[in-house]
Protein chains: 2
Amino acid sequence: MAAVIVHGGAYAIPDHLVSAKKSGVHTAATSAHKALIHGKTAIDAVEIAIRHLEDDPAFNAGHGGALNVQGEVELDAIIIDGKTLEFGSVAAVENISNPISLARMVMEKTDHVMLVGKGANIFAKEMGVAQVDAKELISDFSKEELARQSVYKHVVNDSFDNQLEHDTVGAVAIDIHGNMAAGTSTGGITAKRVGRVGDSPLVGSGASCDNEIGGTSCTGHGESIAKVTLASRVLTTLQKEGCSPEEACKRSLEYMKTKVSGFGGVIMVAADGTIAKAFSTKRMAWASVDKTGTVQCGIDP
Amino acid sequence: MAAVIVHGGAYAIPDHLVSAKKSGVHTAATSAHKALIHGKTAIDAVEIAIRHLEDDPAFNAGHGGALNVQGEVELDAIIIDGKTLEFGSVAAVENISNPISLARMVMEKTDHVMLVGKGANIFAKEMGVAQVDAKELISDFSKEELARQSVYKHVVNDSFDNQLEHDTVGAVAIDIHGNMAAGTSTGGITAKRVGRVGDSPLVGSGASCDNEIGGTSCTGHGESIAKVTLASRVLTTLQKEGCSPEEACKRSLEYMKTKVSGFGGVIMVAADGTIAKAFSTKRMAWASVDKTGTVQCGIDP
């Protein structure tokens, strides 16, 4: 019954990055699936998949995260347990490699659900999470991206018609016990203001998960996704409109386009283990291993 | 057609605070309503009501905000425009008096929707918002509360059966043009970790607003509210289940109690201007001015 789907960002991914993106999501999905069939939980699988993508500088999360206007990497992540609705989230955290694991610690080691800014870093230190030098998280690519753009407005308006890197990674899994988890991690958008938070670490926006319905992770223009709380909408649409998981993803993206002119992508696993995805951007890197063990991977519509 | 409802927190409010709480929410609601009938927008009205409550040390928002484990005031707020779904949000911001106004600036003066921690303070400075001394935001009451509690777990588990101050303020309005807005502001929960964010500044959790459905602001146990994205749920229930606004509030609170053992309160204005409220805590301070101009105010069930 175990199944997993991951994404590595939805935008007009340029041809020269296609190979690295596909390879990254493929490894993330198959690694997570291997863990699932060995009895690991959905939470474990989501963490494994996302850590892989955070460590891969081809993706805008962890190492390789987009730079803010001051040239700093500030990271956001969320992980949700579909059985209990417990979640952990961090935003604008600096100097750590794997915000998804810190988000999991917020969920499991505190009475809170979200820690931001310096508080997230104080907590990381308390948990013994290795502090990395800020420079270590910066990729050549992210420096080039920042240099290319001096004005955020330019980025945010152009970003879905052009090939600027600005995106997010995510994973959703169901384990052999039927429990589900979802997670999302990002470096945000290049040239963002200090402390900017998009949809990714916001419950119901960047991710949502409930064993009774399904789990989902979103990517794309963060501000638009948050305005329509896209992840909640995907689950509500599936539950209330009696449509297929893929149709729920499509209807939710269509709503976001109509209502706030926003573009993005969605991955989901429904409570019955059905895998689905949709994107309104030109491309979205994704890979999945379904209930039958079939591996799929793609980037074009 | 103009109408407004405000809340000043839902918990077991002790008798000696009842008078101050009722007086505060009454003034906030009537001030906001006066602005509405003079042609001010729903956004203006929500900001007016919440600024009043932030400035009143009887409420846990702005001046009088709860202290974190380090004895600091860190403030969270959100404001949402129901016409465009645009919103602005700040979290863990320090040294300012009115986070609701900073949240509005995020909405109106940036391409972002949320700024947290030091980034929110950098933005406040850029906007010329007066920086106040950290001590100025601390009330005698909030110091006593922190002294009374050394362990957060104690607070979070006990807080809805006892009389510890830990709550939030909010407002929802519809203006003479039929546009709606909702907002929420809080100091969080006493003895919280540094950087802790509850539901209040999270879109779909602490507040939600859409001219086509209605607007809502939540209060209560922040972690529980976020787990069930309570504000989104109230609007979805109203839209999809064909019930009354009050019933939508009640069903959503019942769901939160059943699903994550959480307690709280909800205020709402439906798209037709109907005002509603509900709470599962012992008390919630609230006041409203409905479509006919009738002023109401209460604190008991």
# chains A, B, ... in the order shown; residues from 1 in each chain; ligands from 1
$ closest_atom_pairs --of "chain B" --to "chain A" --cutoff "6 Å" --atoms "only C-alpha atoms" --output "JSON lines"
{"residue": "B:Leu85", "atom": "CA", "partner": "A:Lys227", "partner_atom": "CA", "distance": 5.6}
{"residue": "B:Val113", "atom": "CA", "partner": "A:Glu223", "partner_atom": "CA", "distance": 5.9}
{"residue": "B:Met114", "atom": "CA", "partner": "A:Val197", "partner_atom": "CA", "distance": 5.2}
{"residue": "B:Leu115", "atom": "CA", "partner": "A:Arg196", "partner_atom": "CA", "distance": 4.5}
{"residue": "B:Val116", "atom": "CA", "partner": "A:Gly195", "partner_atom": "CA", "distance": 4.8}
{"residue": "B:Gly117", "atom": "CA", "partner": "A:Gly117", "partner_atom": "CA", "distance": 5.1}
{"residue": "B:Gly119", "atom": "CA", "partner": "A:Gly195", "partner_atom": "CA", "distance": 4.0}
{"residue": "B:Val194", "atom": "CA", "partner": "A:Gly119", "partner_atom": "CA", "distance": 4.5}
{"residue": "B:Gly195", "atom": "CA", "partner": "A:Gly119", "partner_atom": "CA", "distance": 4.0}
{"residue": "B:Arg196", "atom": "CA", "partner": "A:Leu115", "partner_atom": "CA", "distance": 4.5}
{"residue": "B:Val197", "atom": "CA", "partner": "A:Met114", "partner_atom": "CA", "distance": 5.2}
{"residue": "B:Glu223", "atom": "CA", "partner": "A:Val113", "partner_atom": "CA", "distance": 5.9}
{"residue": "B:Lys227", "atom": "CA", "partner": "A:Leu85", "partner_atom": "CA", "distance": 5.6}
$ select_by_dssp --residues "region 134-288 of chain B" --states "strand (DSSP E)" --output "VMD selection string"
chain B and resid 168 to 174 180 to 186 207 to 210 214 to 220 264 to 270 275 to 279 283 to 288
$ atom_distance --atom1 "CA of Thr219 (chain A)" --atom2 "CA of Gly265 (chain A)"
5.2 Å
$ atom_distance --atom1 "CA of Val46 (chain B)" --atom2 "CA of Ala66 (chain B)"
21.9 Å
$ select_by_dssp --residues "region 92-193 of chain B" --states "helix (DSSP H, G or I)" --output "count of residues only"
41
$ atom_distance --atom1 "CA of Thr281 (chain B)" --atom2 "CA of Lys21 (chain B)"
15.5 Å
$ closest_residue --among "A:Ala147, A:Met268, A:Ile174, A:Leu238" --to "Asp44 (chain A)" --atoms "only C-alpha atoms"
A:Ile174
$ closest_residue --among "B:Cys243, B:Ala191, B:Leu230, B:Val172" --to "Gln70 (chain B)" --atoms "only C-alpha atoms"
B:Ala191
$ closest_residue --among "B:Met180, B:Leu67, B:Leu17, B:Met107" --to "Lys40 (chain B)" --atoms "only C-alpha atoms"
B:Met180
